[in-house]
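S.K.: Please see the structure below; I have some questions.
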Amino acid sequence: MGTALLGFDLPGIKSYVFGSGRLREIRGGSACLDRLNRQVIPEEVRRAAPSSHLVFAGGGRGQFLVDSAELDHAEAAIRRAIRAYTDVHPRVASVPLDDREDVALSLLQARLRIAGGWPPPATIFVTHPLLLPCRSCGVRAASSRDPEPEGGERLLCAVCSRKVEMDRSIKQALANGQWPGLWKRLAEPPARDHLRGHDRPRDLQTLTGDEPLAVLYADGDEMGGLFGYVDSIVEFRRRSEVIDESLFDAVREAIAGPLRPLPSAQTLPFDVFLLGGDDLVIATTASRAFDTAKLIAERFHVTATNRLGVPVSLSIGIAIARSSYPVGVLVDIAEGALRYAKKTRRQRRAATGSASLPGFIAFAIIQSPGQTDFRTLAADWEPAGQAPRVRRSVGALDPRRLEQLVSLAASCGTSGTIARGKLQRLAEIGALPPSAARLEARLLYARCSEAERRFLKEALATLADGRQEDFPYIKECDPKQGDILITPWRDLAALAPLVRGGRLMRADRLALRYEIRLLGPLHVGSGLERGLVDRAVMRGPDGWPFIPGSAVKGLAREKCDQIAALLGLTVREPHNAGADVRQLLKGPTVVELLFGSRWRPGTISFSDAHPTGLGDRSERTLDWLLFDRTRVSISRRTGAARRQLLFTTEYVAPVLTFEGTVAGVVLWEPDDVFDDEHHPLIGLLLAGLLSVERVGGDRSVGAGHCSLRLLRLQLNDAVFEGDAVSTEVERLIDQLVFCELLDPGP
């Protein structure tokens with residue numbers, strides 16, 4: 001009857017592989033996809049259509065030459081195999097093959113695109129009361145039990161259960177010295193010796209250690225043009241194999257280079273999530289990510305271009321976050337960075353007219369759990385409505401410029417460069433309007449040393465790369481969109497701790513419970529009268545007095561200011577409305593980092609302190625605890641009693657004890673000096689809190705005398721109670737000397 005060209009494509013590969021945030025399911029899904037694509041589907045098609053011939057299969061797509069009489073059986077075999085392994089709805093299409101193979105190839109691609117819209121993918125919701133959702137993906141109904149390595153079990157759906165079983169089989173094969181699936185292809189020179197003797201990481205925390213996690217998402221540039229004008233099936237197969245093998249070669253080079261594990265390490269410092277065709281998703285540490293991306297982009301460009309004789313490139317998106325960040329969301333951000341890199345490359349190609357550009361690389365550093373979308377990050381880079389346009393990031397770069405940026409970032413903070421504190425302030429200046437930013441940047445430049453000025457000039461000239469320099473900007477001329485002012489300092493400040501193997505902004509979680517024991521009468525005024533009492537104490541909804549958290553916070557801040565001044569640190573008046581706005585550009589003081597200022601919020605909160613230790617809360621007990629005192633107002637001018645100003649004040653008897661809590665986080669960038677300790681600002685907060693000895697009003701006449709004691713202290717996951725609290729507090733207060741490193745200066 002004739003021959004037909006049969007093709008299939010698997011959309012939604014990313015959602016299938018990264019449908020779960022656990023490493024076992026991700027690796028199992030990747031292995032299932034690779035086995036399905038390269039082994040299962042070709043075998044099923046060959047069984048259903050014995051006369052068929054494989055053209056290419058890899059990267060979630062494939063093509064076969066099938067006899068027209070066996071076409072229906074081959075299509076059914078593909079759908080059956082995919083349905084048995086995944087829940088992905090495949091695109092399957094075929095065209096009759098005649099003398100015009102180029103027309104058949106183009107028509108097949110068009111039909112595959114049309115096939116993607118019908119039938120629409122089914123949305124599954126587990127709604128039956130007797131069905132439980134899968135504990136991994138949370139979408140499909142659970143159908144099996146999976147024992148956990150740490151004990152216990154989970155309910156999994158059939159798809160996730162197959163992923164887990166696949167991961168177990170691969171782990172067992174590696175333990176027996178075998179290299180299954182794509183690892184068999186990776187375990188070739190020059191990567192073989194570096195893979196031998198090392199295990200795959202058990203989880204993401206094992207992979208990264210104390211470093212942030214980096215996900216690299218790579219994809220070929222303009223592949224539609226490369227395969228859209230192919231005149232024969234043989235050429236299509238050759239190009240597909242060259243692209244696939246060139247990417248594997250580039251990854252092998254990376255394993256022998258920046259991904260090379262230390263000889264003493266037991267586990268690999270990376271893991272491959274997806275590899276095939278022109279697609280790559282790989283996880284590694286932040287310090288290895290940029291060298292890895294640069295090498296893969298360069299090697300793929302050179303190797304594939306030489307083998308095909310036409311320019312071919314690969315762009316990469318990098319997303320960096322803490323290892324506890326959801327992997328699926330991190331992959332989405334990396335994909336957004338990849339699209340941004342591809343867009344930048346297309347614009348650069350249109351501007352230069354060069355067809356031989358290498359792939360571009362874009363990166364996004366996630367500092368907050370609330371950052372879940374690359375578009376939000378990119379919008380912050382280039383805010384709308386400014387004239388001239390300002391970009392607060394260098395954006396996507398080619399491998400050569402990325403290497404220059406990383407090299408400059410790695411040198412920041414070392415001798416002969418710029419202090420990281422000044423670099424951070426320069427990054428903050430970039431958020432100002434251009435006129436104000438130029439002025440403040442020059443003021444900062446005037447306060448720099450000669451070596452720091454030299455570094456700033458050389459860094460700007462290096463990153464400008466022939467473009468006009470306008471400190472603190474690089475001016476890029478765009479004939480269509482006008483001039484663009486680019487500030488690279490934000491990227492340098494963010495990259496500096498990462499490329500040296502540092503960590504992302506660390507958050508020390510703090511929670512403590514304190515006790516205030518009254519040693520004298522207490523008056524926390526409400527500003528209201530009560531009966532014959534002119535100045536009543538503040539009471540809660542239950543009628544009992546309490547100490548507002550704002551009062552304790554204000555006293556603690558006052559004591560912290562005094563301690564900071566005693567240490568010779570900068571102290572600013574928090575209520576000075578006429579303060580120079582340039583203080584904002586100098587950076588916050590150590591006290592403002594904790595309690596906030598007019599320009600930045602604080603990071604700690606104080607709860608109200610309520611009475612404790614009272615068994616009887618009757619009205620009679622309350623009347624016994626409160627007493628009145630009548631006083632005469634004294635004129636400040638004459639020093640004598642003021643006429644008709646006799647008043648009565650209500651006090652709390654000095655027999656009550658109040659308890660309150662303090663909670664919050666201290667954000668900081670770990671430094672070599674106190675890298676493995678808690679932030680010294682925690683010691684400052686505790687010292688200020690324990691220094692509180694009077695609370696409330698009328699302190700000048702002897703009221704409010706008290707003692708404050710810590711009952712419980714929690715720092716991250718460590719909890720201290722009893723005598724252990726005093727020991728830990730002493731250790732934290734000893735770190736106050738390091739606060740000098742955070743002082744912005746006068």
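Quick note on naming: the chains in the structure tokens go A, B, ... in the order shown, residues restart at 1 in each chain, and ligands are numbered from 1 in order of appearance.
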Which residues, written as a PyMOL selection string, have at least one atom at most 10 Å from Glu165 in chain A, with only C-alpha atoms counted and residues fewer than 2 positions away on the same chain left out?
M.R.: chain A and resi 24-25+28-29+32+146+160-163+167-171
S.K.: Given only C-alpha atoms, how would the per-residue table for range 271-318 of chain A near range 4-18 of chain A read, listing every residue at most 10 Å away with its closest atom pair and distance in Å to one decimal, sorted by chain and number, as a tab-separated table?
M.R.:
residue	atom	partner	partner_atom	distance
A:Phe273	CA	A:Val17	CA	8.0
A:Leu274	CA	A:Val17	CA	8.3
A:Val281	CA	A:Lys14	CA	9.5
S.K.: Let me see the file: selected residues, all heavy atoms, as a short mmCIF file (atom, residue, chain, number, x, y, z; two decimals), in the first residue's frame.
M.R.:
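Saved result, part.cif, follows:
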data_model
loop_
_atom_site.label_atom_id
_atom_site.label_comp_id
_atom_site.auth_asym_id
_atom_site.auth_seq_id
_atom_site.Cartn_x
_atom_site.Cartn_y
_atom_site.Cartn_z
N PHE A 273 18.04 15.78 35.99
CA PHE A 273 16.60 15.54 36.03
C PHE A 273 16.02 15.23 34.66
O PHE A 273 15.06 14.48 34.55
CB PHE A 273 15.88 16.75 36.62
CG PHE A 273 16.18 17.01 38.06
CD1 PHE A 273 15.99 18.26 38.62
CD2 PHE A 273 16.66 16.00 38.88
CE1 PHE A 273 16.25 18.49 39.95
CE2 PHE A 273 16.94 16.22 40.21
CZ PHE A 273 16.74 17.47 40.75
N LEU A 274 16.58 15.84 33.64
CA LEU A 274 16.04 15.67 32.29
C LEU A 274 17.16 15.89 31.29
O LEU A 274 17.88 16.89 31.37
CB LEU A 274 14.91 16.68 32.05
CG LEU A 274 14.04 16.50 30.81
CD1 LEU A 274 13.26 15.20 30.90
CD2 LEU A 274 13.07 17.67 30.66
N VAL A 281 17.72 19.60 32.13
CA VAL A 281 17.43 20.16 33.45
C VAL A 281 18.36 19.46 34.43
O VAL A 281 18.32 18.23 34.56
CB VAL A 281 15.96 19.95 33.87
CG1 VAL A 281 15.72 20.55 35.26
CG2 VAL A 281 15.02 20.58 32.86
#
S.K.: Rank nothing, just name the residue among A:Ala57, A:Val591, A:Ala48, A:Cys134 nearest to Glu573 in chain A, using only C-alpha atoms.
M.R.: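 For Glu573 in chain A, the nearest of the given residues is A:Val591.
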S.K.: Go through A:Asp373, A:Ile255, A:Ala304, A:Ala446 and flag the residue nearest Glu188 in chain A, using only C-alpha atoms for the distances.
M.R.: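 Of A:Asp373, A:Ile255, A:Ala304, A:Ala446, the one nearest Glu188 in chain A is A:Ile255, counting only C-alpha atoms.
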S.K.: Identify which of the residues A:Phe546, A:Arg200, A:Tyr217, A:Asp278 lies closest to Gln266 in chain A, counting only C-alpha atoms when measuring atom-to-atom distances.
M.R.: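 That would be A:Arg200, the residue with the smallest distance to Gln266 in chain A.
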S.K.: Contacts of range 547-557 of chain A at 7 Å or less, counting only C-alpha atoms, minus same-chain residues fewer than 4 places along, as a list in words?
M.R.: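 In the requested format, the answer is Val524, Asp561, Phe606, Ser607, Asp608, Ala609, His610, Gly688, Leu689 and Val692 of chain A.
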S.K.: Just the selected residues (N, CA, C and O atoms), exported as a PDB file, in the first residue's frame, please.
M.R.:
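Saved as again-v9.pdb:
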ATOM      1  N   VAL A 524       0.523  51.878  83.563  1.00  0.00           N
ATOM      2  CA  VAL A 524       0.517  51.961  82.102  1.00  0.00           C
ATOM      3  C   VAL A 524      -0.805  52.616  81.736  1.00  0.00           C
ATOM      4  O   VAL A 524      -1.863  51.972  81.760  1.00  0.00           O
ATOM      5  N   ASP A 561      19.777  51.109  71.767  1.00  0.00           N
ATOM      6  CA  ASP A 561      20.452  52.337  71.337  1.00  0.00           C
ATOM      7  C   ASP A 561      21.577  52.708  72.298  1.00  0.00           C
ATOM      8  O   ASP A 561      22.676  53.107  71.877  1.00  0.00           O
ATOM      9  N   PHE A 606       6.530  42.152  69.269  1.00  0.00           N
ATOM     10  CA  PHE A 606       6.357  41.936  70.695  1.00  0.00           C
ATOM     11  C   PHE A 606       4.866  41.752  70.987  1.00  0.00           C
ATOM     12  O   PHE A 606       4.041  42.575  70.567  1.00  0.00           O
ATOM     13  N   SER A 607       4.533  40.723  71.708  1.00  0.00           N
ATOM     14  CA  SER A 607       3.142  40.534  72.116  1.00  0.00           C
ATOM     15  C   SER A 607       2.881  41.300  73.409  1.00  0.00           C
ATOM     16  O   SER A 607       3.816  41.709  74.109  1.00  0.00           O
ATOM     17  N   ASP A 608       1.603  41.510  73.716  1.00  0.00           N
ATOM     18  CA  ASP A 608       1.254  42.113  74.994  1.00  0.00           C
ATOM     19  C   ASP A 608       1.615  41.158  76.132  1.00  0.00           C
ATOM     20  O   ASP A 608       1.516  39.931  75.988  1.00  0.00           O
ATOM     21  N   ALA A 609       2.027  41.723  77.258  1.00  0.00           N
ATOM     22  CA  ALA A 609       2.365  40.926  78.442  1.00  0.00           C
ATOM     23  C   ALA A 609       1.173  40.932  79.390  1.00  0.00           C
ATOM     24  O   ALA A 609       0.697  42.000  79.801  1.00  0.00           O
ATOM     25  N   HIS A 610       0.690  39.743  79.729  1.00  0.00           N
ATOM     26  CA  HIS A 610      -0.501  39.602  80.563  1.00  0.00           C
ATOM     27  C   HIS A 610      -0.135  38.996  81.915  1.00  0.00           C
ATOM     28  O   HIS A 610       0.869  38.283  82.042  1.00  0.00           O
ATOM     29  N   GLY A 688      19.587  44.225  75.217  1.00  0.00           N
ATOM     30  CA  GLY A 688      18.685  45.349  75.427  1.00  0.00           C
ATOM     31  C   GLY A 688      17.460  44.960  76.226  1.00  0.00           C
ATOM     32  O   GLY A 688      17.006  45.704  77.112  1.00  0.00           O
ATOM     33  N   LEU A 689      16.891  43.788  75.945  1.00  0.00           N
ATOM     34  CA  LEU A 689      15.699  43.340  76.656  1.00  0.00           C
ATOM     35  C   LEU A 689      15.995  43.094  78.131  1.00  0.00           C
ATOM     36  O   LEU A 689      15.212  43.477  79.019  1.00  0.00           O
ATOM     37  N   VAL A 692      16.118  46.164  80.607  1.00  0.00           N
ATOM     38  CA  VAL A 692      14.908  46.900  80.988  1.00  0.00           C
ATOM     39  C   VAL A 692      14.698  46.744  82.497  1.00  0.00           C
ATOM     40  O   VAL A 692      14.603  45.631  83.012  1.00  0.00           O
TER      41      VAL A 692
END
S.K.: List as JSON, numbers by chain the protein and nucleic acid residues near Glu693 in chain A, meaning an atom at most 6 Å away when only C-alpha atoms are counted, but skip any in the same chain fewer than 3 places from it.
M.R.: {"A": [705, 706, 707]}
S.K.: In range 179-364 of chain A, what's alpha helix (DSSP H) per DSSP? Answer as a PyMOL selection string?
M.R.: chain A and resi 182-186+192-195+204-208+223-228+233-256+286-308+327-352
S.K.: As number ranges by chain, please: the residues near Gln714 in chain A (cut-off 12 Å, only C-alpha atoms, same-chain neighbours under 2 positions excluded).
M.R.: A: 508-514, 661-665, 678, 682, 710-712, 716-721, 724-725, 728-729
S.K.: So, counting only C-alpha atoms, which residue among A:Ala364, A:Ile474, A:Leu216, A:Ala337 is closest to Arg391 in chain A?
M.R.: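 So, comparing all the options, the nearest one is A:Ile474.
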S.K.: Excluding Leu732 in chain A and residues on its chain fewer than 6 positions from it, collect all residues at most 10 Å away from it, counting only C-alpha atoms, and give them as a PyMOL selection string.
M.R.: chain A and resi 677-687+726
S.K.: Give me, as a list in words, all polymer residues having an atom no more than 9 Å from Leu156 in chain A, counting only C-alpha atoms and skipping those fewer than 5 positions away in the same chain.
M.R.: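 Near Leu156 in chain A, the qualifying residues are Pro133, Cys134, Arg135, Ser136, Cys137, Gly138, Arg140, Ala141, Ala142, Ser143, Ser144, Arg145, Asp146 and Ser161 of chain A.
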S.K.: Output C-alpha atoms of each residue in that selection to a file, as a PDB file, in the first residue's frame.
M.R.:
ATOM      1  CA  PRO A 133      -5.448  11.749  46.941  1.00  0.00           C
ATOM      2  CA  CYS A 134      -1.890  10.723  46.163  1.00  0.00           C
ATOM      3  CA  ARG A 135       0.522  11.971  48.842  1.00  0.00           C
ATOM      4  CA  SER A 136       3.082  12.833  46.191  1.00  0.00           C
ATOM      5  CA  CYS A 137       1.343  14.647  43.326  1.00  0.00           C
ATOM      6  CA  GLY A 138      -1.905  15.396  45.180  1.00  0.00           C
ATOM      7  CA  ARG A 140      -4.726  11.463  41.198  1.00  0.00           C
ATOM      8  CA  ALA A 141      -6.349   8.940  43.524  1.00  0.00           C
ATOM      9  CA  ALA A 142      -4.021   6.851  45.679  1.00  0.00           C
ATOM     10  CA  SER A 143      -3.921   3.166  44.784  1.00  0.00           C
ATOM     11  CA  SER A 144      -0.844   1.686  46.519  1.00  0.00           C
ATOM     12  CA  ARG A 145       1.272   1.988  49.667  1.00  0.00           C
ATOM     13  CA  ASP A 146       4.901   3.012  49.525  1.00  0.00           C
ATOM     14  CA  SER A 161       4.272   4.558  42.354  1.00  0.00           C
TER      15      SER A 161
END
S.K.: Can you pull out every residue from range 323-434 of chain A that DSSP, working from the backbone, puts in strand (DSSP E), and format the result as a list in words?
M.R.: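 Of range 323-434 of chain A, only Ile361, Ala362, Phe363, Ala364, Ile365, Arg389, Val390 and Arg391 of chain A fall in strand (DSSP E).
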S.K.: Just write the chosen residues, N, CA and C atoms, as a short mmCIF file (atom, residue, chain, number, x, y, z; two decimals), in the first residue's frame.
M.R.:
data_model
loop_
_atom_site.label_atom_id
_atom_site.label_comp_id
_atom_site.auth_asym_id
_atom_site.auth_seq_id
_atom_site.Cartn_x
_atom_site.Cartn_y
_atom_site.Cartn_z
N ILE A 361 22.61 33.31 28.56
CA ILE A 361 22.37 32.74 29.89
C ILE A 361 21.76 33.83 30.77
N ALA A 362 20.63 33.53 31.38
CA ALA A 362 19.97 34.44 32.33
C ALA A 362 19.83 33.73 33.66
N PHE A 363 19.88 34.49 34.74
CA PHE A 363 19.78 33.87 36.07
C PHE A 363 18.84 34.69 36.95
N ALA A 364 18.24 34.00 37.91
CA ALA A 364 17.35 34.63 38.90
C ALA A 364 17.71 34.07 40.26
N ILE A 365 17.91 34.96 41.24
CA ILE A 365 18.25 34.56 42.60
C ILE A 365 17.05 34.85 43.48
N ARG A 389 14.79 54.76 30.09
CA ARG A 389 14.58 53.43 30.63
C ARG A 389 15.78 53.00 31.47
N VAL A 390 15.48 52.37 32.59
CA VAL A 390 16.52 51.89 33.50
C VAL A 390 16.32 50.40 33.70
N ARG A 391 17.40 49.65 33.58
CA ARG A 391 17.36 48.21 33.86
C ARG A 391 18.28 47.94 35.04
#
S.K.: Would you mind telling me which residue in A:Leu736, A:Ile486, A:Ala427, A:Val329 lies nearest to Pro388 in chain A when using only C-alpha atoms?
M.R.: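 Checking each of A:Leu736, A:Ile486, A:Ala427, A:Val329 against Pro388 in chain A, counting only C-alpha atoms, the winner is A:Ile486.
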S.K.: I'd like to know which of A:Asp249, A:Glu730, A:Glu476, A:Glu515 is closest to Glu659 in chain A, using only C-alpha atoms.
M.R.: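 For Glu659 in chain A, the nearest of the given residues is A:Glu515.
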